[in-house]
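Q: Below is upload-v5.txt; it holds compact mmCIF, C-alpha atoms.
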# COMPACT_ATOMS: atom_id res chain seq x y z
CA MET A 378 28.44 76.01 15.09
CA ASN A 379 30.60 77.03 12.17
CA LEU A 380 29.86 76.75 8.45
CA ASN A 381 32.51 74.10 8.00
CA GLU A 382 30.71 71.93 10.56
CA LEU A 383 27.40 71.79 8.66
CA ARG A 384 26.44 68.29 7.48
CA PRO A 385 23.32 66.93 5.72
CA ALA A 386 20.88 64.92 7.84
CA GLU A 387 21.79 61.31 8.48
CA GLY A 388 20.51 59.11 5.61
CA SER A 389 19.36 61.99 3.40
CA LYS A 390 22.26 61.62 0.97
CA ARG A 391 23.12 58.33 -0.75
CA GLU A 392 25.74 57.44 -3.33
CA ARG A 393 24.59 56.66 -6.86
CA ARG A 394 24.03 52.94 -7.44
CA ARG A 395 26.48 51.61 -10.04
CA VAL A 396 24.57 48.86 -11.84
CA GLY A 397 25.92 46.31 -14.28
CA ARG A 398 29.17 45.79 -12.39
CA GLY A 399 29.00 42.04 -11.69
CA HIS A 400 26.56 39.69 -9.98
CA GLY A 401 28.36 40.10 -6.65
CA THR A 402 26.76 43.54 -6.28
CA GLY A 403 23.25 42.19 -6.71
CA TRP A 404 22.67 44.54 -9.65
CA GLY A 405 24.78 42.87 -12.34
CA LYS A 406 23.82 41.20 -15.62
CA THR A 407 20.39 42.74 -16.40
CA ALA A 408 21.06 45.68 -14.02
CA GLY A 409 17.59 45.52 -12.51
CA LYS A 410 15.83 45.64 -15.88
CA GLY A 411 14.67 41.98 -15.83
CA HIS A 412 14.55 39.59 -18.75
CA ASN A 413 13.00 39.64 -22.20
CA GLY A 414 10.92 36.97 -23.88
CA GLN A 415 9.85 33.87 -21.99
CA LYS A 416 11.29 34.88 -18.63
CA GLN A 417 9.60 38.27 -18.85
CA ARG A 418 6.11 36.71 -18.77
CA SER A 419 4.37 35.84 -15.54
CA GLY A 420 3.49 32.24 -14.78
CA THR A 421 6.26 30.73 -16.89
CA TYR A 422 8.79 28.23 -15.65
CA VAL A 423 12.04 27.04 -17.17
CA SER A 424 13.43 23.83 -15.69
CA PRO A 425 16.90 24.15 -14.13
CA ILE A 426 18.08 21.19 -16.22
CA PHE A 427 17.00 22.82 -19.51
CA GLU A 428 20.06 23.62 -21.63
CA GLY A 429 18.48 25.44 -24.54
CA GLY A 430 17.63 22.32 -26.51
CA GLN A 431 21.03 20.72 -26.07
CA MET A 432 20.98 17.19 -24.68
CA PRO A 433 20.92 17.87 -20.90
CA ILE A 434 23.54 16.39 -18.62
CA VAL A 435 20.87 14.38 -16.81
CA ARG A 436 20.38 12.39 -20.01
CA ARG A 437 24.02 12.40 -21.10
CA VAL A 438 25.31 10.73 -17.95
CA PRO A 439 24.82 6.91 -17.87
CA LYS A 440 22.55 5.52 -15.18
CA ARG A 441 23.94 2.82 -12.94
CA GLY A 442 22.98 1.32 -9.62
CA PHE A 443 19.76 0.04 -8.09
CA SER A 444 16.78 1.69 -6.44
CA ASN A 445 14.69 -0.20 -3.93
CA SER A 446 11.75 2.23 -4.14
CA PRO A 447 9.50 -0.07 -6.25
CA PHE A 448 9.89 -2.80 -3.62
CA LYS A 449 9.71 -0.79 -0.42
CA LYS A 450 7.04 -1.68 2.13
CA ASP A 451 4.47 0.80 3.42
CA MET A 452 4.33 0.24 7.18
CA VAL A 453 1.29 1.54 9.10
CA VAL A 454 2.18 1.88 12.79
CA ILE A 455 -0.64 2.35 15.30
CA ALA A 456 -0.78 2.60 19.07
CA LEU A 457 -2.51 -0.10 21.11
CA SER A 458 -4.45 2.54 23.08
CA ASP A 459 -6.29 3.64 19.91
CA ILE A 460 -7.39 0.07 19.23
CA VAL A 461 -8.75 -0.53 22.74
CA GLU A 462 -11.00 2.52 22.53
CA LYS A 463 -12.55 1.64 19.15
CA PHE A 464 -13.12 -2.14 19.44
CA ASN A 465 -15.44 -4.22 21.59
CA ASP A 466 -14.89 -7.50 23.36
CA GLY A 467 -14.39 -10.40 20.95
CA ASP A 468 -13.66 -8.26 17.86
CA VAL A 469 -10.99 -9.01 15.29
CA VAL A 470 -8.35 -6.30 14.87
CA SER A 471 -6.87 -6.26 11.36
CA LEU A 472 -5.99 -3.73 8.71
CA GLN A 473 -9.42 -4.22 7.14
CA THR A 474 -11.34 -3.58 10.37
CA LEU A 475 -9.14 -0.61 11.28
CA VAL A 476 -10.01 1.01 7.94
CA GLU A 477 -13.72 0.27 8.42
CA ASN A 478 -13.68 1.93 11.86
CA GLY A 479 -11.90 5.00 10.48
CA ILE A 480 -8.75 4.56 12.57
CA ILE A 481 -6.51 4.21 9.51
CA LYS A 482 -7.35 6.67 6.73
CA ASN A 483 -5.24 5.98 3.64
CA PRO A 484 -3.44 2.65 3.49
CA LYS A 485 -2.04 1.53 0.16
CA PHE A 486 -4.03 -1.04 -1.76
CA ILE A 487 -4.59 -2.60 -5.16
CA VAL A 488 -7.96 -3.30 -6.77
CA LYS A 489 -8.55 -6.81 -8.02
CA TYR A 490 -11.45 -9.04 -9.01
CA SER A 491 -13.09 -10.85 -6.12
CA ASP A 492 -13.44 -14.02 -8.20
CA GLU A 493 -10.44 -16.24 -7.49
CA ALA A 494 -10.83 -18.17 -10.76
CA LEU A 495 -10.80 -14.94 -12.77
CA ARG A 496 -7.42 -13.95 -11.32
CA ASN A 497 -5.87 -17.09 -12.80
CA VAL A 498 -7.22 -16.37 -16.31
CA LYS A 499 -4.45 -15.09 -18.60
CA GLY A 500 -4.91 -12.82 -21.63
CA LYS A 501 -7.37 -10.03 -22.39
CA LYS A 502 -9.47 -12.16 -24.75
CA ALA A 503 -9.79 -14.98 -22.23
CA VAL A 504 -10.76 -12.53 -19.45
CA LYS A 505 -13.39 -10.93 -21.68
CA GLU A 506 -14.93 -14.31 -22.56
CA TYR A 507 -14.95 -15.34 -18.90
CA LEU A 508 -16.71 -12.13 -17.81
CA GLU A 509 -19.39 -12.56 -20.49
CA THR A 510 -20.42 -15.87 -18.98
CA ASN A 511 -19.83 -14.89 -15.34
CA VAL A 512 -21.36 -11.46 -14.82
CA GLU A 513 -21.04 -11.64 -11.02
CA SER A 514 -17.24 -11.74 -11.41
CA TYR A 515 -17.20 -8.02 -12.26
CA VAL A 516 -17.17 -7.23 -8.53
CA LYS A 517 -13.82 -5.80 -7.44
CA GLU A 518 -12.35 -5.59 -3.97
CA LYS A 519 -9.48 -3.84 -2.26
CA ASP A 520 -6.38 -5.86 -1.45
CA PHE A 521 -4.34 -3.87 1.07
CA THR A 522 -0.60 -3.85 0.43
CA SER A 523 0.33 -1.84 3.53
CA LEU A 524 1.79 -3.66 6.53
CA LEU A 525 0.27 -3.25 9.99
CA LYS A 526 2.36 -2.94 13.13
CA ILE A 527 0.97 -2.38 16.63
CA ILE A 528 3.07 -0.79 19.35
CA GLY A 529 2.60 0.71 22.79
CA ASN A 530 1.85 -0.44 26.30
CA ALA A 531 -1.81 0.11 27.18
CA GLU A 532 -4.19 -1.57 29.59
CA VAL A 533 -6.37 -4.01 27.64
CA THR A 534 -9.61 -5.10 29.28
CA LYS A 535 -11.20 -6.70 26.20
CA LYS A 536 -10.59 -10.05 24.55
CA LEU A 537 -9.29 -9.15 21.09
CA THR A 538 -8.00 -11.20 18.17
CA VAL A 539 -5.14 -9.23 16.64
CA LYS A 540 -3.97 -9.98 13.09
CA ALA A 541 -0.93 -7.89 12.19
CA HIS A 542 2.37 -8.15 10.36
CA GLY A 543 4.26 -6.98 13.44
CA ILE A 544 3.61 -6.23 17.10
CA SER A 545 5.81 -5.03 19.92
CA LYS A 546 6.61 -7.26 22.88
CA THR A 547 4.71 -5.12 25.40
CA ALA A 548 1.65 -4.84 23.15
CA LYS A 549 1.55 -8.60 22.63
CA GLU A 550 1.78 -9.25 26.37
CA SER A 551 -1.07 -6.79 27.05
CA VAL A 552 -3.37 -8.46 24.52
CA GLU A 553 -2.63 -12.00 25.69
CA LYS A 554 -2.96 -11.00 29.35
CA ALA A 555 -6.56 -9.94 28.69
CA GLY A 556 -7.33 -13.34 27.13
CA GLY A 557 -6.86 -12.29 23.51
CA SER A 558 -4.69 -13.80 20.80
CA VAL A 559 -2.11 -12.47 18.35
CA GLU A 560 -1.61 -13.79 14.83
CA ILE A 561 1.48 -12.66 12.91
CA LEU A 562 0.72 -12.38 9.20
CA GLU A 563 3.23 -13.29 6.52
CA VAL A 564 4.92 -10.39 4.76
CA LYS A 565 4.47 -10.83 1.01
CA SER A 566 7.76 -10.33 -0.82
CA TYR A 567 8.76 -10.21 -4.46
CA SER A 568 11.57 -12.66 -3.74
CA THR A 569 9.09 -15.42 -2.83
CA LYS A 570 7.40 -15.07 -6.21
CA ALA A 571 10.53 -14.71 -8.35
CA GLY A 572 11.36 -17.53 -10.72
CA ASN A 573 15.02 -17.48 -9.74
CA ASN A 574 14.33 -17.83 -6.02
CA LYS A 575 17.13 -20.06 -4.70
CA LYS A 576 15.25 -21.26 -1.63
CA GLU A 577 12.24 -22.49 -3.60
CA ASN A 578 14.48 -24.19 -6.17
CA GLU A 579 16.35 -26.03 -3.43
CA ASP A 580 13.09 -27.25 -1.87
CA LYS A 581 11.93 -28.61 -5.22
Let me see whether you can do it: turn the structure in this file into structure tokens.

A:
Amino acid sequence: MNLNELRPAEGSKRERRRVGRGHGTGWGKTAGKGHNGQKQRSGTYVSPIFEGGQMPIVRRVPKRGFSNSPFKKDMVVIALSDIVEKFNDGDVVSLQTLVENGIIKNPKFIVKYSDEALRNVKGKKAVKEYLETNVESYVKEKDFTSLLKIIGNAEVTKKLTVKAHGISKTAKESVEKAGGSVEILEVKSYSTKAGNNKKENEDK
């Protein structure tokens, strides 16, 4: 080995990092020194749409179009095999009974007064006067808004009464083959309650 062939060990020598030479290097802008002020503190968060107090573009741009999210239906789909294991002969299978048996955990619902007459009372003052004279009307109950659909092809050996908003062809045949019955519930829609419903106006 000659002197001119001597080299430092592999990886022992590195070139000096040139910081502040553009964000493409990964060490531009603040050059590894971080930020000052709000962004220097831990636990802070600045929204990506924040423009320093200027009216953000999200609010400057006009909003057009329609979103169906307020009207979308929450569909709870369950297998027929799960129902057969949990219910006995002659039981009624509905969204209410499925919740009571712990098969369905968190369906969507609204809370309303159990008194039918109270639901038709309009105005806060009128409701208050009605409740003063009818104390038992304070009882509230859950009205499930989720839709129930039963699918699957399982062997049914029990006579069940199924009440659902939808059921597959094979599941219906299995239930009816065992001597049970299937009742298809009506799907409540905003269009049936709307004042400008064309179908209802034509019937009238």

Q: Restricting the calculation to only C-alpha atoms, which member of A:Ile561, A:Leu457, A:Ile434, A:Ile480 is positioned closest to Thr547 of chain A?

A: A:Leu457

Q: In Å, with one decimal, what is the gap from atom CA of Lys517 of chain A to atom CA of Asp492 of chain A?

A: 8.3 Å

Q: List the neighbours of segment 549-560 of chain A out to 9 Å using all atoms listed in the file; skip same-chain residues closer than 4 positions along the sequence, and give me the result as a list of chain:residue names.

A: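 Final neighbour list, sorted by chain and number: A:Gly467, A:Ile527, A:Ile528, A:Asn530, A:Ala531, A:Glu532, A:Val533, A:Thr534, A:Lys535, A:Lys536, A:Leu537, A:Thr538, A:Val539, A:Lys540, A:Ala541, A:His542, A:Ile544, A:Ser545.
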
Q: Go through segment 379-463 of chain A and flag each residue having an atom no more than 10 Å from segment 482-491 of chain A; for those, report the closest pair of atoms plus their distance in Å to one decimal, using only C-alpha atoms, ordered by chain and rising number, as a Markdown table.

A:
| residue | atom | partner | partner_atom | distance |
| --- | --- | --- | --- | --- |
| A:Lys450 | CA | A:Lys485 | CA | 9.8 |
| A:Asp451 | CA | A:Lys485 | CA | 7.3 |
| A:Met452 | CA | A:Pro484 | CA | 8.9 |
| A:Val453 | CA | A:Pro484 | CA | 7.4 |
